[in-house]
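Text of model04.tsv, listed as TSV, C-alpha atoms:
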```tsv
chain	number	residue	atom	x	y	z
A	288	MET	CA	38.37	61.43	92.32
A	289	ASN	CA	36.68	58.52	94.12
A	290	THR	CA	34.18	58.77	96.96
A	291	ALA	CA	36.80	58.14	99.67
A	292	GLU	CA	38.95	60.98	98.30
A	293	ILE	CA	35.90	63.26	98.09
A	294	ARG	CA	34.91	62.52	101.70
A	295	GLU	CA	38.36	63.58	102.90
A	296	LEU	CA	37.64	67.08	101.58
A	297	PHE	CA	34.61	67.53	103.89
A	298	PRO	CA	35.81	68.27	107.44
A	299	ILE	CA	32.35	67.96	109.00
A	300	LEU	CA	32.05	64.31	107.98
A	301	LYS	CA	34.99	63.32	110.21
A	302	GLN	CA	33.10	63.83	113.45
A	303	GLU	CA	31.12	61.50	115.67
A	304	VAL	CA	27.50	62.19	116.64
A	305	ASN	CA	26.14	60.51	119.77
A	306	GLY	CA	29.15	58.19	119.83
A	307	HIS	CA	28.80	57.07	116.21
A	308	PRO	CA	30.53	58.18	113.00
A	309	LEU	CA	28.31	60.76	111.33
A	310	VAL	CA	26.17	59.57	108.43
A	311	TYR	CA	24.76	62.70	106.80
A	312	LEU	CA	21.66	61.92	104.72
A	313	ASP	CA	20.06	65.37	104.58
A	314	SER	CA	21.71	66.97	101.55
A	315	ALA	CA	18.36	67.83	99.97
A	316	ALA	CA	17.93	70.30	102.84
A	317	THR	CA	21.51	71.56	102.65
A	318	SER	CA	24.75	70.03	101.46
A	319	GLN	CA	28.00	69.92	103.37
A	320	LYS	CA	30.94	72.10	102.30
A	321	PRO	CA	34.34	70.97	101.02
A	322	ILE	CA	37.50	72.56	102.35
A	323	GLN	CA	37.95	74.48	99.07
A	324	VAL	CA	34.72	76.38	99.67
A	325	ILE	CA	35.50	77.01	103.34
A	326	GLU	CA	38.96	78.30	102.43
A	327	ALA	CA	37.58	80.51	99.64
A	328	LEU	CA	35.21	82.20	102.09
A	329	LYS	CA	37.98	82.55	104.66
A	330	HIS	CA	40.41	83.96	102.10
A	331	TYR	CA	37.91	86.54	100.90
A	332	TYR	CA	37.31	87.91	104.40
A	333	GLU	CA	40.99	87.80	105.32
A	334	TRP	CA	42.34	89.40	102.13
A	335	ASP	CA	39.76	90.92	99.79
A	336	ASN	CA	36.89	92.12	101.97
A	337	ALA	CA	35.55	95.38	100.54
A	338	ASN	CA	32.37	96.60	98.90
A	339	VAL	CA	32.04	96.01	95.18
A	340	HIS	CA	31.52	98.30	92.17
A	341	ARG	CA	32.26	101.44	94.19
A	342	GLY	CA	35.80	101.83	95.47
A	343	VAL	CA	38.83	102.38	93.27
A	344	HIS	CA	41.20	101.05	95.94
A	345	THR	CA	42.92	97.69	95.57
A	346	LEU	CA	40.68	95.71	97.90
A	347	GLY	CA	37.57	97.06	96.23
A	348	SER	CA	38.90	96.10	92.80
A	349	ARG	CA	39.83	92.61	93.96
A	350	ALA	CA	36.43	92.10	95.59
A	351	THR	CA	34.64	93.26	92.46
A	352	ASP	CA	36.73	90.98	90.26
A	353	ALA	CA	36.03	88.00	92.54
A	354	TYR	CA	32.30	88.75	92.71
A	355	GLU	CA	31.86	89.20	88.97
A	356	GLY	CA	34.12	86.23	88.35
A	357	ALA	CA	31.71	84.12	90.37
A	358	ARG	CA	28.83	85.37	88.21
A	359	ALA	CA	30.70	84.24	85.11
A	360	LYS	CA	31.15	80.78	86.66
A	361	VAL	CA	27.42	80.48	87.40
A	362	ALA	CA	26.55	81.55	83.85
A	363	LYS	CA	28.87	78.96	82.33
A	364	PHE	CA	27.79	76.26	84.80
A	365	ILE	CA	24.13	76.40	83.78
A	366	GLY	CA	24.67	77.32	80.14
A	367	ALA	CA	23.44	80.92	80.15
A	368	SER	CA	24.23	82.88	76.99
A	369	SER	CA	25.43	85.93	78.93
A	370	GLU	CA	26.60	86.88	82.41
A	371	GLN	CA	23.94	89.61	82.27
A	372	GLU	CA	21.34	86.85	82.58
A	373	ILE	CA	22.55	85.87	86.07
A	374	ILE	CA	21.12	87.74	89.05
A	375	PHE	CA	22.61	86.91	92.44
A	376	THR	CA	19.93	86.31	95.08
A	377	ARG	CA	19.68	84.81	98.56
A	378	GLY	CA	18.58	81.54	96.98
A	379	THR	CA	15.80	79.83	95.06
A	380	THR	CA	13.06	81.36	97.20
A	381	THR	CA	14.18	84.92	96.48
A	382	ALA	CA	14.69	84.16	92.80
A	383	ILE	CA	11.16	82.83	92.36
A	384	ASN	CA	9.74	85.76	94.32
A	385	ILE	CA	11.49	88.19	91.97
A	386	VAL	CA	9.79	86.62	88.96
A	387	ALA	CA	6.42	86.36	90.69
A	388	SER	CA	6.47	89.97	91.87
A	389	SER	CA	8.34	91.76	89.08
A	390	TYR	CA	7.38	89.83	85.96
A	391	ALA	CA	4.13	88.06	86.80
A	392	LYS	CA	2.31	90.95	88.41
A	393	ALA	CA	3.16	93.15	85.42
A	394	VAL	CA	1.86	90.75	82.75
A	395	LEU	CA	-0.99	88.87	84.43
A	396	ARG	CA	-4.58	89.95	84.01
A	397	GLU	CA	-7.85	88.65	85.42
A	398	GLY	CA	-8.63	85.26	83.92
A	399	ASP	CA	-5.03	84.45	82.99
A	400	GLU	CA	-3.64	81.14	84.19
A	401	ILE	CA	-0.59	80.13	86.22
A	402	VAL	CA	0.15	76.41	85.88
A	403	LEU	CA	1.96	74.49	88.64
A	404	THR	CA	2.08	70.91	89.95
A	405	PRO	CA	0.94	69.59	93.36
A	406	MET	CA	4.52	68.50	94.11
A	407	GLU	CA	5.89	72.05	94.31
A	408	HIS	CA	7.92	73.25	97.29
A	409	HIS	CA	6.17	76.07	99.12
A	410	SER	CA	8.75	78.44	97.62
A	411	ASN	CA	7.36	77.66	94.18
A	412	LEU	CA	3.75	77.79	95.30
A	413	ILE	CA	3.11	80.66	97.71
A	414	PRO	CA	4.64	83.39	95.47
A	415	TRP	CA	2.26	82.33	92.68
A	416	GLN	CA	-0.69	82.29	95.07
A	417	GLN	CA	0.13	85.88	95.93
A	418	ALA	CA	0.58	86.84	92.28
A	419	ALA	CA	-2.81	85.31	91.47
A	420	LYS	CA	-4.50	87.17	94.31
A	421	ALA	CA	-2.93	90.46	93.21
A	422	THR	CA	-3.90	90.13	89.54
A	423	GLY	CA	-7.03	88.01	89.40
A	424	ALA	CA	-5.19	85.20	87.64
A	425	THR	CA	-6.16	81.57	88.22
A	426	LEU	CA	-3.97	78.78	89.56
A	427	LYS	CA	-4.14	75.45	87.72
A	428	TYR	CA	-2.38	72.19	88.54
A	429	ILE	CA	-1.03	69.44	86.32
A	430	PRO	CA	-2.40	66.24	87.91
A	431	LEU	CA	-0.02	63.62	89.27
A	432	GLN	CA	0.13	60.00	88.19
A	433	PRO	CA	-0.33	57.35	90.92
A	434	ASP	CA	3.46	57.16	91.43
A	435	GLY	CA	3.79	60.94	91.71
A	436	SER	CA	5.15	61.58	88.23
A	437	ILE	CA	3.45	63.72	85.59
A	438	SER	CA	2.50	62.79	82.04
A	439	LEU	CA	2.98	65.06	79.04
A	440	ALA	CA	-0.60	64.29	78.00
A	441	ASP	CA	-1.79	65.89	81.24
A	442	VAL	CA	0.53	68.83	80.61
A	443	GLU	CA	-1.05	69.27	77.17
A	444	ASN	CA	-4.53	69.13	78.70
A	445	THR	CA	-3.73	71.62	81.48
A	446	ILE	CA	-1.88	74.38	79.62
A	447	THR	CA	-4.14	76.53	77.42
A	448	ASP	CA	-3.93	79.74	75.44
A	449	ARG	CA	-4.92	81.57	78.63
A	450	THR	CA	-1.85	80.23	80.43
A	451	LYS	CA	0.77	82.93	80.88
A	452	ILE	CA	3.20	81.28	83.31
A	453	VAL	CA	4.19	77.66	83.94
A	454	SER	CA	6.40	77.04	86.97
A	455	VAL	CA	7.59	73.51	87.70
A	456	VAL	CA	10.21	71.93	89.91
A	457	TYR	CA	12.91	70.08	87.96
A	458	VAL	CA	13.47	67.50	90.74
A	459	SER	CA	10.94	66.97	93.53
A	460	ASN	CA	12.40	67.34	97.03
A	461	VAL	CA	9.93	64.68	98.27
A	462	LEU	CA	9.29	62.22	95.46
A	463	GLY	CA	12.65	62.37	93.72
A	464	VAL	CA	10.77	62.76	90.43
A	465	ILE	CA	12.80	64.20	87.56
A	466	ASN	CA	10.27	66.22	85.60
A	467	PRO	CA	10.48	66.61	81.80
A	468	VAL	CA	10.90	70.37	82.01
A	469	LYS	CA	12.29	70.72	78.48
A	470	GLU	CA	9.17	69.16	77.00
A	471	ILE	CA	6.94	71.15	79.36
A	472	ALA	CA	8.67	74.35	78.21
A	473	GLN	CA	7.96	73.43	74.59
A	474	ILE	CA	4.27	72.98	75.37
A	475	ALA	CA	4.18	76.23	77.36
A	476	HIS	CA	5.80	78.19	74.55
A	477	LYS	CA	3.39	76.71	72.01
A	478	HIS	CA	0.64	78.49	73.94
A	479	GLY	CA	2.62	81.71	74.41
A	480	ALA	CA	3.37	81.08	78.11
A	481	LYS	CA	6.67	81.60	79.91
A	482	MET	CA	8.43	78.74	81.71
A	483	MET	CA	9.99	79.00	85.18
A	484	VAL	CA	12.05	76.10	86.56
A	485	ASP	CA	12.75	75.54	90.26
A	486	GLY	CA	16.27	74.14	90.05
A	487	ALA	CA	17.04	73.89	93.77
A	488	GLN	CA	17.30	70.09	93.72
A	489	SER	CA	18.51	69.61	90.14
A	490	THR	CA	21.46	71.99	89.91
A	491	PRO	CA	23.60	70.16	92.54
A	492	HIS	CA	23.10	66.73	91.00
A	493	MET	CA	22.99	66.92	87.21
A	494	LYS	CA	24.30	68.87	84.26
A	495	VAL	CA	22.00	71.82	83.52
A	496	ASP	CA	21.82	73.75	80.26
A	497	VAL	CA	19.17	76.45	80.41
A	498	GLN	CA	19.46	77.14	76.69
A	499	ASP	CA	18.81	73.49	75.86
A	500	LEU	CA	15.88	73.44	78.30
A	501	ASP	CA	14.71	76.71	76.72
A	502	CYS	CA	13.25	77.81	80.04
A	503	ASP	CA	12.61	81.51	80.49
A	504	PHE	CA	13.62	81.60	84.14
A	505	TYR	CA	15.65	79.21	86.32
A	506	ALA	CA	16.33	79.44	90.06
A	507	LEU	CA	19.08	77.80	92.13
A	508	SER	CA	20.46	77.77	95.67
A	509	GLY	CA	24.17	77.66	96.47
A	510	HIS	CA	23.86	75.89	99.81
A	511	LYS	CA	22.49	72.72	98.19
A	512	MET	CA	25.46	72.49	95.79
A	513	CYS	CA	28.38	72.62	98.27
A	514	GLY	CA	28.26	76.42	98.52
A	515	PRO	CA	27.45	78.61	101.53
A	516	THR	CA	24.00	79.52	102.76
A	517	GLY	CA	22.40	82.81	101.76
A	518	ILE	CA	23.51	82.84	98.13
A	519	GLY	CA	21.78	81.68	94.96
A	520	ALA	CA	20.92	82.91	91.52
A	521	LEU	CA	18.12	83.68	89.12
A	522	TYR	CA	18.65	83.06	85.44
A	523	GLY	CA	16.36	84.89	83.06
A	524	LYS	CA	16.40	85.39	79.33
A	525	LYS	CA	17.96	88.77	78.72
A	526	ALA	CA	15.00	90.31	76.90
A	527	LEU	CA	12.65	89.34	79.72
A	528	LEU	CA	14.94	90.66	82.46
A	529	GLU	CA	15.35	93.92	80.55
A	530	SER	CA	11.57	94.31	80.38
A	531	MET	CA	11.13	93.82	84.13
A	532	GLU	CA	11.18	96.42	86.86
A	533	PRO	CA	13.44	95.78	89.87
A	534	ALA	CA	11.86	94.02	92.82
A	535	GLU	CA	14.01	95.85	95.38
A	536	PHE	CA	15.15	99.45	95.39
A	537	GLY	CA	18.07	101.26	97.00
A	538	GLY	CA	21.76	101.79	96.54
A	539	GLU	CA	23.92	99.94	94.02
A	540	MET	CA	21.08	99.27	91.53
A	541	ILE	CA	20.63	102.86	90.40
A	542	ASP	CA	21.98	104.84	87.48
A	543	HIS	CA	20.70	108.34	88.26
A	544	VAL	CA	18.70	109.59	91.24
A	545	ASP	CA	16.82	112.87	91.40
A	546	LEU	CA	14.52	114.06	94.16
A	547	TYR	CA	11.45	112.79	92.31
A	548	GLU	CA	12.67	110.26	89.72
A	549	SER	CA	15.36	107.61	89.40
A	550	THR	CA	16.72	105.35	86.68
A	551	TRP	CA	18.25	101.91	86.97
A	552	LYS	CA	21.55	100.35	86.05
A	553	GLU	CA	21.71	97.86	83.22
A	554	LEU	CA	21.54	94.11	83.76
A	555	PRO	CA	22.31	92.35	85.98
A	556	TRP	CA	22.90	95.06	88.57
A	557	LYS	CA	19.43	96.66	88.45
A	558	PHE	CA	18.16	93.61	90.40
A	559	GLU	CA	20.93	93.68	93.03
A	560	GLY	CA	20.05	96.57	95.31
A	561	GLY	CA	22.24	97.20	98.35
A	562	THR	CA	25.49	95.54	99.28
A	563	PRO	CA	25.35	92.05	97.74
A	564	ILE	CA	26.37	88.74	99.31
A	565	ILE	CA	29.94	89.11	98.10
A	566	GLY	CA	31.68	86.45	100.16
A	567	GLY	CA	28.87	84.01	99.47
A	568	ALA	CA	29.15	84.55	95.73
A	569	VAL	CA	32.92	84.04	95.82
A	570	ALA	CA	32.49	80.80	97.77
A	571	LEU	CA	29.74	79.67	95.39
A	572	GLY	CA	32.24	80.12	92.59
A	573	ALA	CA	34.63	77.84	94.48
A	574	ALA	CA	31.82	75.29	94.91
A	575	ILE	CA	31.21	75.32	91.16
A	576	ASP	CA	34.93	74.77	90.54
A	577	PHE	CA	34.80	71.78	92.89
A	578	LEU	CA	31.68	70.25	91.31
A	579	GLN	CA	33.16	70.61	87.83
A	580	GLU	CA	36.39	68.97	88.99
A	581	VAL	CA	34.40	65.97	90.22
A	582	GLY	CA	32.21	66.11	87.09
A	583	MET	CA	28.45	66.57	87.02
A	584	ASP	CA	27.95	63.38	85.02
A	585	ASN	CA	29.92	61.48	87.66
A	586	ILE	CA	27.84	63.03	90.44
A	587	PHE	CA	24.57	62.13	88.74
A	588	LYS	CA	25.72	58.56	88.10
A	589	HIS	CA	26.82	58.20	91.74
A	590	ASP	CA	23.50	59.56	93.02
A	591	ILE	CA	21.48	57.19	90.84
A	592	GLN	CA	23.55	54.19	91.94
A	593	LEU	CA	23.07	55.08	95.61
A	594	THR	CA	19.35	55.67	95.14
A	595	ASN	CA	18.88	52.34	93.38
A	596	TYR	CA	20.81	50.61	96.16
A	597	ALA	CA	18.77	52.37	98.82
A	598	MET	CA	15.50	51.50	97.09
A	599	GLU	CA	16.56	47.85	96.88
A	600	ARG	CA	17.56	47.68	100.55
A	601	MET	CA	14.78	49.78	102.04
A	602	THR	CA	11.89	48.18	100.15
A	603	GLN	CA	12.88	44.90	101.79
A	604	ILE	CA	11.97	46.33	105.21
A	605	GLU	CA	8.51	45.11	106.13
A	606	ASP	CA	5.95	47.86	106.81
A	607	LEU	CA	8.17	50.56	105.29
A	608	ALA	CA	6.32	52.65	102.67
A	609	VAL	CA	8.40	54.42	100.02
A	610	TYR	CA	6.90	57.33	98.07
A	611	GLY	CA	7.55	58.27	94.47
A	612	PRO	CA	8.36	56.33	91.30
A	613	ALA	CA	10.36	53.12	91.33
A	614	SER	CA	12.75	54.45	88.67
A	615	ASN	CA	13.82	57.72	86.98
A	616	ARG	CA	14.28	59.38	90.35
A	617	ALA	CA	17.01	61.54	91.83
A	618	GLY	CA	19.10	60.97	94.95
A	619	LEU	CA	16.58	60.72	97.75
A	620	VAL	CA	14.13	58.28	99.30
A	621	THR	CA	11.08	59.50	101.21
A	622	PHE	CA	9.35	56.96	103.42
A	623	ASN	CA	7.28	56.12	106.47
A	624	LEU	CA	7.81	53.22	108.86
A	625	GLY	CA	4.43	51.83	109.86
A	626	ASP	CA	2.61	54.20	112.19
A	627	VAL	CA	5.81	55.51	113.78
A	628	HIS	CA	5.88	59.28	113.50
A	629	PRO	CA	8.67	60.46	111.20
A	630	HIS	CA	10.06	62.67	113.95
A	631	ASP	CA	10.39	59.63	116.18
A	632	VAL	CA	12.15	57.76	113.38
A	633	ALA	CA	14.53	60.68	112.90
A	634	THR	CA	15.20	60.87	116.64
A	635	VAL	CA	16.16	57.20	116.90
A	636	LEU	CA	18.34	57.50	113.80
A	637	ASP	CA	20.05	60.56	115.25
A	638	ALA	CA	20.95	58.52	118.33
A	639	GLU	CA	22.76	56.23	115.88
A	640	GLY	CA	24.61	59.18	114.32
A	641	ILE	CA	22.42	59.27	111.22
A	642	ALA	CA	20.98	62.60	110.06
A	643	ILE	CA	17.77	62.48	108.02
A	644	ARG	CA	14.88	64.91	107.53
A	645	ALA	CA	11.39	64.49	108.96
A	646	GLY	CA	8.27	66.61	108.44
A	647	HIS	CA	6.23	67.92	105.53
A	648	HIS	CA	9.35	69.11	103.65
A	649	CYS	CA	7.71	72.44	102.78
A	650	ALA	CA	5.26	70.52	100.58
A	651	GLN	CA	2.01	70.33	102.53
A	652	PRO	CA	-0.27	69.98	99.47
A	653	LEU	CA	1.81	67.01	98.35
A	654	MET	CA	1.56	65.45	101.81
A	655	ARG	CA	-2.23	65.67	101.51
A	656	TRP	CA	-2.05	64.07	98.07
A	657	LEU	CA	0.00	61.25	99.61
A	658	GLU	CA	-2.60	61.08	102.42
A	659	VAL	CA	0.00	61.51	105.16
A	660	SER	CA	0.77	64.37	107.52
A	661	SER	CA	4.54	64.02	107.23
A	662	THR	CA	7.30	61.70	106.05
A	663	ALA	CA	10.93	60.84	106.68
A	664	ARG	CA	13.51	61.49	103.97
A	665	ALA	CA	17.03	60.26	103.35
A	666	SER	CA	18.85	62.22	100.65
A	667	PHE	CA	22.22	61.44	99.12
A	668	TYR	CA	25.10	63.33	97.56
A	669	LEU	CA	28.57	62.82	96.17
A	670	TYR	CA	30.11	62.12	99.60
A	671	ASN	CA	27.69	59.31	100.55
A	672	THR	CA	28.44	55.60	100.26
A	673	GLU	CA	26.62	52.28	100.22
A	674	GLU	CA	27.93	51.79	103.76
A	675	ASP	CA	25.94	54.90	104.77
A	676	ILE	CA	22.80	53.25	103.41
A	677	ASP	CA	23.62	50.00	105.17
A	678	ARG	CA	23.88	51.98	108.42
A	679	LEU	CA	20.51	53.57	107.65
A	680	VAL	CA	18.84	50.22	107.04
A	681	MET	CA	20.28	48.75	110.25
A	682	ALA	CA	19.05	51.77	112.21
A	683	LEU	CA	15.59	51.49	110.66
A	684	GLN	CA	15.43	47.86	111.72
A	685	LYS	CA	16.39	48.94	115.23
A	686	THR	CA	13.68	51.63	115.11
A	687	LYS	CA	11.18	49.02	114.03
A	688	GLU	CA	12.07	46.83	116.99
A	689	TYR	CA	11.89	49.77	119.41
A	690	PHE	CA	8.45	50.84	118.19
A	691	GLY	CA	7.15	47.33	117.55
A	692	HIS	CA	3.69	48.23	118.84
A	693	ALA	CA	3.29	50.82	116.07
A	694	ILE	CA	4.32	48.51	113.25
A	695	GLY	CA	1.92	46.32	111.33
```

Would you mind writing the file's structure down as structure tokens?
Amino acid sequence: MNTAEIRELFPILKQEVNGHPLVYLDSAATSQKPIQVIEALKHYYEWDNANVHRGVHTLGSRATDAYEGARAKVAKFIGASSEQEIIFTRGTTTAINIVASSYAKAVLREGDEIVLTPMEHHSNLIPWQQAAKATGATLKYIPLQPDGSISLADVENTITDRTKIVSVVYVSNVLGVINPVKEIAQIAHKHGAKMMVDGAQSTPHMKVDVQDLDCDFYALSGHKMCGPTGIGALYGKKALLESMEPAEFGGEMIDHVDLYESTWKELPWKFEGGTPIIGGAVALGAAIDFLQEVGMDNIFKHDIQLTNYAMERMTQIEDLAVYGPASNRAGLVTFNLGDVHPHDVATVLDAEGIAIRAGHHCAQPLMRWLEVSSTARASFYLYNTEEDIDRLVMALQKTKEYFGHAIG
């Protein structure tokens, strides 16, 4: 399936914005949805809508089969050893919060260490701040190299025998850095620590095998991988999940309830209190089917080609600063154009029908490390083309001319 054929499957890309054909370069924030995913969601609500795990009627059975079938697809997609290791959540944020509240607060003691990096998204930072405050643990940070990458030597020097949890983003949503999480996990385990991976930006773009990575926990969001919003998953090694208490209590996750005591269902359902996001899970399963049809290796190759092309074209623009490493980066380019505020850049680009992101990208500590208040970001996915990047470069040149007083 070539890029032109793929684009035909995304209805939203056929529209015009402000009189121009839409160029969508904000997939790191959320991806667009192919017709297969839209139809899967529509079909569920038109034909199978019922609560799961409860009713014995036909609709309830079909809904349960579809929901659990989606769990099996997620497990296979990321290489989990068992469907019991997949907990459906609202997304990466919820998944990390489950680990930080249920696992971390149970095992951390005063003086223990939680190791992060300064490039973390707020969703992989604030939950650990709260866990540290609640337990007396200490936050430590692996320092960044001048280009924003991290070295394994620094990882070795940061993780100690007092480290209990290491939580690192696989792909930075600002720098495009692809972190060596497999090697970091090995170092963490050598010291007896557990490894959490924020997979929000990696799962949509590259083949993931959590057993090969040997991470203890892995979080993902469906809406960044052609699925609907409000659905994601937490992977955890079975023994760890079994040792953890649920983070949310109520119906659906219980085994037996008395007036004064209750017991929980087995994995994975003890972490899925209340009516789950059934339609979202079904549509996420359809998104996984679509991504596998295209091929994750093909998607990764396409992203890298586009990123290299964008880096080549954009670095030729005078007074445009690009952040992150020159190579070994995923499908996004974060930049600033002279002294023009990123929101102004994004506004001019929007007038040209080009959608990018502007702001701190939920990474304020990283912005301070970069010594900027905010940046602009163009992010690419399987439906983008070199022509999209050419449009971006032309619009940036137009922005430069419009704000000439702020350039140079």

Item to complete: Skip region 420-427 of chain A itself and residues of its chain fewer than 6 positions away, then list as a VMD selection string all residues within 12 Å of it, counting all atoms listed in the file.
Response: chain A and resid 387 to 388 390 to 405 412 to 414 441 to 442 444 to 447 449 to 455

Could I get the residues of region 650-686 of chain A with an atom no further than 10 Å from an atom of region 579-599 of chain A, each paired with its nearest atom pair and that distance in Å to one decimal, using all atoms listed in the file, sorted by chain and residue number, as a Markdown table?
```
| residue | atom | partner | partner_atom | distance |
| --- | --- | --- | --- | --- |
| A:Ala665 | CA | A:Ala597 | CA | 9.3 |
| A:Ser666 | CA | A:Thr594 | CA | 8.6 |
| A:Phe667 | CA | A:Asp590 | CA | 6.5 |
| A:Tyr668 | CA | A:Asp590 | CA | 6.1 |
| A:Leu669 | CA | A:Ile586 | CA | 5.8 |
| A:Tyr670 | CA | A:His589 | CA | 9.4 |
| A:Asn671 | CA | A:Leu593 | CA | 8.0 |
| A:Thr672 | CA | A:Leu593 | CA | 7.1 |
| A:Glu673 | CA | A:Leu593 | CA | 6.5 |
| A:Asp675 | CA | A:Leu593 | CA | 9.6 |
| A:Ile676 | CA | A:Ala597 | CA | 6.2 |
| A:Asp677 | CA | A:Ala597 | CA | 8.3 |
| A:Leu679 | CA | A:Ala597 | CA | 9.1 |
| A:Val680 | CA | A:Ala597 | CA | 8.5 |
```

Contacts of region 337-352 of chain A at 10 Å or less, counting all atoms listed in the file, minus same-chain residues fewer than 5 places along, as a PDB file with C-alpha atoms, in the frame of the given file?
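And here's around.pdb as it stands now:
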```
ATOM      1  CA  TYR A 331      37.910  86.540 100.900  1.00  0.00           C
ATOM      2  CA  TYR A 332      37.310  87.910 104.400  1.00  0.00           C
ATOM      3  CA  ALA A 357      31.710  84.120  90.370  1.00  0.00           C
ATOM      4  CA  ARG A 358      28.830  85.370  88.210  1.00  0.00           C
ATOM      5  CA  GLU A 539      23.920  99.940  94.020  1.00  0.00           C
ATOM      6  CA  TRP A 556      22.900  95.060  88.570  1.00  0.00           C
ATOM      7  CA  THR A 562      25.490  95.540  99.280  1.00  0.00           C
ATOM      8  CA  PRO A 563      25.350  92.050  97.740  1.00  0.00           C
ATOM      9  CA  ILE A 564      26.370  88.740  99.310  1.00  0.00           C
ATOM     10  CA  ILE A 565      29.940  89.110  98.100  1.00  0.00           C
ATOM     11  CA  GLY A 566      31.680  86.450 100.160  1.00  0.00           C
ATOM     12  CA  VAL A 569      32.920  84.040  95.820  1.00  0.00           C
TER      13      VAL A 569
END
```

Worksheet, complete the sentence: His647 (chain A) proximity check over A:Val361, A:Ala440, A:Ala419, A:Ala663, using only C-alpha atoms: winner is A:Ala663

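What separates CA of Leu300 (chain A) from CA of Ala353 (chain A) is a distance of 28.6 Å.
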
Set the distance at 9 Å and use all atoms listed in the file: which residues neighbour Ile474 (chain A) once local chain neighbours fewer than 3 positions away are removed? I'd like the list as a PDB file with C-alpha atoms, in the frame of the given file.
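Saved file out_17.pdb follows:
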```
ATOM      1  CA  LEU A 439       2.980  65.060  79.040  1.00  0.00           C
ATOM      2  CA  VAL A 442       0.530  68.830  80.610  1.00  0.00           C
ATOM      3  CA  GLU A 443      -1.050  69.270  77.170  1.00  0.00           C
ATOM      4  CA  ILE A 446      -1.880  74.380  79.620  1.00  0.00           C
ATOM      5  CA  LYS A 469      12.290  70.720  78.480  1.00  0.00           C
ATOM      6  CA  GLU A 470       9.170  69.160  77.000  1.00  0.00           C
ATOM      7  CA  ILE A 471       6.940  71.150  79.360  1.00  0.00           C
ATOM      8  CA  LYS A 477       3.390  76.710  72.010  1.00  0.00           C
ATOM      9  CA  HIS A 478       0.640  78.490  73.940  1.00  0.00           C
ATOM     10  CA  GLY A 479       2.620  81.710  74.410  1.00  0.00           C
ATOM     11  CA  ALA A 480       3.370  81.080  78.110  1.00  0.00           C
TER      12      ALA A 480
END
```
